[in-house]
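Asks: Encoded as structure tokens, here's the structure I'll be asking about.
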Amino acid sequence: MQRLQNKYGYTENEVILFKRLNTPQKIQDYINSIPFNFDERHDACLSPRKVLEKNKADCIEGALFASAVLEFHGYKPLVVDLRSVKKPYDYDHVIAVFKVEGFWGAISKTNHSVLRYREPIYKNIRELVMSCFHEYFLDSGLKTLREYSDPFDLNYFNKINWRTSEKDLHQITTYLDKIKHIKILNKKQEKNLRKADKIEIESTKITEYKK
């Protein structure tokens with residue numbers, strides 16, 4: 001831990017907090033306690049340090065923060081990009097993933113009742129991603145999850161100090177959109193998808209924070 005503090009320039013207060021968040025469950029609980037960041041600027045992506053400073057996070061900012069804390073405790077800082085349909089438009093989603101005894105789990109920042117924490121019980125990333133499939137839909141009921149990336153190691157962005165940068169990390173959002181994604185459905189499966197039920201749609205209207 002001391003090595004990471006010195007290597008990445010974490011402040012004393014950051015180290016104290018990171019030490020306290022010593023399990024994936026605690027990291028998820030902390031991220032849930034931070035108000036959702038409703039800033040919709042294309043280039044807005046706060047570093048973990050700025051998330052703490054501004055006390056808000058959207059999905060990718062939550063994933064970056066979770067990855068930094070997981071790394072502090074010996075995990076690799078890995079994120080997975082979930083890609084949805086573009087017509088009609090739906091938002092992509094980014095999660096921080098981790099392994100416990102060979103099984104994958106995920107930490108997720110969302111403002112809704114779905115696409116949340118995933119226990120480390122999944123044999124591979126596809127299994128984990130597919131656990132989100134039936135939760136990922138528009139108000140029309142259309143299920144929209146279509147692709148996912150392999151786990152991406154955020155050490156790739158060490159040169160821009162992704163953990164502590166004062167600047168927006170738009171490079172990360174842009175890069176994640178360009179990396180290889182794996183398709184979930186073939187055309188026949190996509191055509192035959194059943195829409196979510198009315199009660200499922202209503203359940204997703206529950207929000208944690210008001211815009």
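Labels used: A, B, ... for chains in the order of the structure tokens, numbers from 1 for residues in each chain, and numbers from 1 for ligands as shown.
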Fewer than 4 positions away in the same chain doesn't count, so skip those; otherwise give me all residues within 12 Å of Lys54 in chain A, counting only C-alpha atoms, as number ranges by chain.

Replies: A: 34-37, 39, 45-50, 58, 61, 166

Asks: For the residues in the current selection, export all heavy atoms as a short mmCIF file (atom, residue, chain, number, x, y, z; two decimals), in the first residue's frame.

Replies:
```
data_model
loop_
_atom_site.label_atom_id
_atom_site.label_comp_id
_atom_site.auth_asym_id
_atom_site.auth_seq_id
_atom_site.Cartn_x
_atom_site.Cartn_y
_atom_site.Cartn_z
N ILE A 34 -22.23 8.07 -3.22
CA ILE A 34 -21.87 9.30 -3.95
C ILE A 34 -23.01 9.66 -4.90
O ILE A 34 -23.47 8.81 -5.66
CB ILE A 34 -20.57 9.08 -4.76
CG1 ILE A 34 -19.40 8.76 -3.84
CG2 ILE A 34 -20.25 10.33 -5.59
CD1 ILE A 34 -18.14 8.41 -4.59
N PRO A 35 -23.48 10.91 -4.90
CA PRO A 35 -24.53 11.31 -5.84
C PRO A 35 -24.13 11.03 -7.29
O PRO A 35 -22.95 11.06 -7.64
CB PRO A 35 -24.68 12.81 -5.58
CG PRO A 35 -24.23 12.99 -4.16
CD PRO A 35 -23.12 12.00 -3.97
N PHE A 36 -25.12 10.78 -8.12
CA PHE A 36 -24.85 10.52 -9.53
C PHE A 36 -24.47 11.81 -10.24
O PHE A 36 -25.05 12.88 -9.99
CB PHE A 36 -26.08 9.91 -10.21
CG PHE A 36 -25.76 9.29 -11.54
CD1 PHE A 36 -25.25 8.01 -11.62
CD2 PHE A 36 -25.96 10.00 -12.72
CE1 PHE A 36 -24.95 7.44 -12.85
CE2 PHE A 36 -25.65 9.45 -13.95
CZ PHE A 36 -25.15 8.16 -14.02
N ASN A 37 -23.49 11.71 -11.13
CA ASN A 37 -23.04 12.86 -11.91
C ASN A 37 -23.88 12.97 -13.18
O ASN A 37 -23.74 12.14 -14.08
CB ASN A 37 -21.56 12.71 -12.26
CG ASN A 37 -21.01 13.92 -13.01
OD1 ASN A 37 -21.71 14.91 -13.20
ND2 ASN A 37 -19.76 13.84 -13.42
N ASP A 39 -23.75 15.39 -15.40
CA ASP A 39 -23.09 16.19 -16.43
C ASP A 39 -23.01 15.38 -17.71
O ASP A 39 -22.38 14.32 -17.75
CB ASP A 39 -21.69 16.57 -15.96
CG ASP A 39 -21.02 17.59 -16.87
OD1 ASP A 39 -21.49 17.76 -18.02
OD2 ASP A 39 -20.04 18.22 -16.45
N CYS A 45 -15.12 13.36 -17.89
CA CYS A 45 -14.81 12.09 -17.26
C CYS A 45 -13.85 12.37 -16.12
O CYS A 45 -12.67 12.66 -16.35
CB CYS A 45 -14.22 11.11 -18.26
SG CYS A 45 -13.82 9.49 -17.54
N LEU A 46 -14.34 12.31 -14.91
CA LEU A 46 -13.54 12.66 -13.74
C LEU A 46 -12.61 11.53 -13.33
O LEU A 46 -12.97 10.36 -13.39
CB LEU A 46 -14.46 13.00 -12.56
CG LEU A 46 -15.48 14.12 -12.75
CD1 LEU A 46 -16.35 14.24 -11.50
CD2 LEU A 46 -14.79 15.43 -13.06
N SER A 47 -11.42 11.90 -12.91
CA SER A 47 -10.50 10.91 -12.34
C SER A 47 -10.98 10.52 -10.95
O SER A 47 -11.83 11.20 -10.36
CB SER A 47 -9.09 11.52 -12.23
OG SER A 47 -9.08 12.54 -11.23
N PRO A 48 -10.47 9.42 -10.40
CA PRO A 48 -10.84 9.06 -9.02
C PRO A 48 -10.64 10.19 -8.03
O PRO A 48 -11.46 10.39 -7.12
CB PRO A 48 -9.93 7.86 -8.73
CG PRO A 48 -9.77 7.21 -10.08
CD PRO A 48 -9.67 8.36 -11.04
N ARG A 49 -9.55 10.94 -8.17
CA ARG A 49 -9.32 12.07 -7.26
C ARG A 49 -10.41 13.12 -7.38
O ARG A 49 -10.91 13.65 -6.38
CB ARG A 49 -7.95 12.71 -7.52
CG ARG A 49 -7.71 13.99 -6.73
CD ARG A 49 -6.27 14.42 -6.74
NE ARG A 49 -5.48 13.47 -5.97
CZ ARG A 49 -4.13 13.47 -5.96
NH1 ARG A 49 -3.46 14.34 -6.71
NH2 ARG A 49 -3.48 12.58 -5.23
N LYS A 50 -10.82 13.43 -8.62
CA LYS A 50 -11.85 14.45 -8.83
C LYS A 50 -13.22 13.95 -8.39
O LYS A 50 -14.07 14.74 -7.97
CB LYS A 50 -11.88 14.88 -10.29
CG LYS A 50 -10.61 15.54 -10.79
CD LYS A 50 -10.30 16.83 -10.03
CE LYS A 50 -11.20 17.96 -10.42
NZ LYS A 50 -10.82 19.24 -9.78
N ASP A 58 -20.50 9.33 -12.55
CA ASP A 58 -21.38 8.58 -13.44
C ASP A 58 -20.80 7.18 -13.58
O ASP A 58 -19.91 6.79 -12.82
CB ASP A 58 -21.55 9.29 -14.79
CG ASP A 58 -20.25 9.45 -15.56
OD1 ASP A 58 -19.25 8.77 -15.21
OD2 ASP A 58 -20.21 10.24 -16.52
N GLU A 61 -16.95 7.02 -14.39
CA GLU A 61 -16.19 7.61 -13.28
C GLU A 61 -16.21 6.70 -12.06
O GLU A 61 -15.21 6.55 -11.36
CB GLU A 61 -16.77 8.99 -12.95
CG GLU A 61 -16.55 9.99 -14.07
CD GLU A 61 -17.49 11.19 -14.02
OE1 GLU A 61 -18.45 11.18 -13.23
OE2 GLU A 61 -17.26 12.14 -14.79
N GLU A 166 -6.18 16.12 -12.80
CA GLU A 166 -7.09 17.25 -12.58
C GLU A 166 -7.93 17.53 -13.82
O GLU A 166 -8.89 18.29 -13.76
CB GLU A 166 -6.29 18.50 -12.20
CG GLU A 166 -5.56 18.41 -10.87
CD GLU A 166 -6.52 18.35 -9.69
OE1 GLU A 166 -7.55 19.06 -9.72
OE2 GLU A 166 -6.25 17.59 -8.73
#
```

Asks: Where does range 79-126 of chain A meet range 181-195 of chain A within 12 Å, residue by residue, with the nearest atom pair and distance in Å to one decimal for each, counting only C-alpha atoms, listed by chain and rising number, as JSON lines?

Replies:
```
{"residue": "A:Val80", "atom": "CA", "partner": "A:His181", "partner_atom": "CA", "distance": 9.7}
{"residue": "A:Asp81", "atom": "CA", "partner": "A:His181", "partner_atom": "CA", "distance": 8.2}
{"residue": "A:Leu82", "atom": "CA", "partner": "A:His181", "partner_atom": "CA", "distance": 8.5}
{"residue": "A:Arg83", "atom": "CA", "partner": "A:His181", "partner_atom": "CA", "distance": 8.0}
{"residue": "A:Ser84", "atom": "CA", "partner": "A:Lys183", "partner_atom": "CA", "distance": 10.4}
{"residue": "A:Val85", "atom": "CA", "partner": "A:Glu190", "partner_atom": "CA", "distance": 11.0}
{"residue": "A:Ile125", "atom": "CA", "partner": "A:Ile182", "partner_atom": "CA", "distance": 10.8}
{"residue": "A:Arg126", "atom": "CA", "partner": "A:Ile184", "partner_atom": "CA", "distance": 8.6}
```

Asks: As a PyMOL selection string, please: all residues of chain A that backbone DSSP puts in strand (DSSP E).

Replies: chain A and resi 78-84+93-100+103-107+118-122+145-149+152-153+181-183

Asks: Could you give me, as CSV, every range 78-175 of chain A residue with an atom at most 8 Å from range 20-33 of chain A, plus its closest atom pair and distance in Å to one decimal, counting only C-alpha atoms, rows ordered by chain then number?

Replies:
```
residue,atom,partner,partner_atom,distance
A:Ile107,CA,A:Gln28,CA,5.9
A:Ser108,CA,A:Gln28,CA,7.2
A:Lys109,CA,A:Ile31,CA,6.5
A:Tyr117,CA,A:Gln28,CA,6.9
```

Asks: Save the residues we just selected, N, CA, C and O atoms, as a compact mmCIF listing (two decimals), in the first residue's frame?

Replies:
```txt
# COMPACT_ATOMS: atom_id res chain seq x y z
N ILE A 107 -18.19 -4.14 -10.06
CA ILE A 107 -18.67 -2.97 -9.33
C ILE A 107 -19.23 -2.01 -10.36
O ILE A 107 -18.61 -1.76 -11.40
N SER A 108 -20.39 -1.45 -10.09
CA SER A 108 -21.09 -0.64 -11.09
C SER A 108 -21.75 0.57 -10.46
O SER A 108 -22.44 0.45 -9.45
N LYS A 109 -21.55 1.74 -11.06
CA LYS A 109 -22.22 2.96 -10.62
C LYS A 109 -23.39 3.22 -11.56
O LYS A 109 -23.21 3.42 -12.77
N TYR A 117 -24.20 -4.04 -8.66
CA TYR A 117 -23.10 -4.91 -8.23
C TYR A 117 -23.33 -6.36 -8.67
O TYR A 117 -24.45 -6.86 -8.64
```

Asks: Please list as a VMD selection string every residue within 10 Å of Pro88 in chain A, counting only C-alpha atoms and excluding residues in the same chain fewer than 6 positions away.

Replies: chain A and resid 138 142 144

Asks: Write out as an MDAnalysis selection string which residues come within 9 Å of range 152-164 of chain A when counting only C-alpha atoms, dropping same-chain ones fewer than 3 positions away.

Replies: chainID A and resid 8:10 46:50 64:65 67:68 76:81 149 167 169 171:172 176

Asks: What are the DSSP alpha helix (DSSP H) residues of range 25-86 of chain A, as a PyMOL selection string?

Replies: chain A and resi 25-33+48-54+59-72

Asks: Excluding Ser140 in chain A and residues on its chain fewer than 3 positions from it, collect all residues at most 10 Å away from it, counting only C-alpha atoms, and give them as an MDAnalysis selection string.

Replies: chainID A and resid 137 143 195:198 201
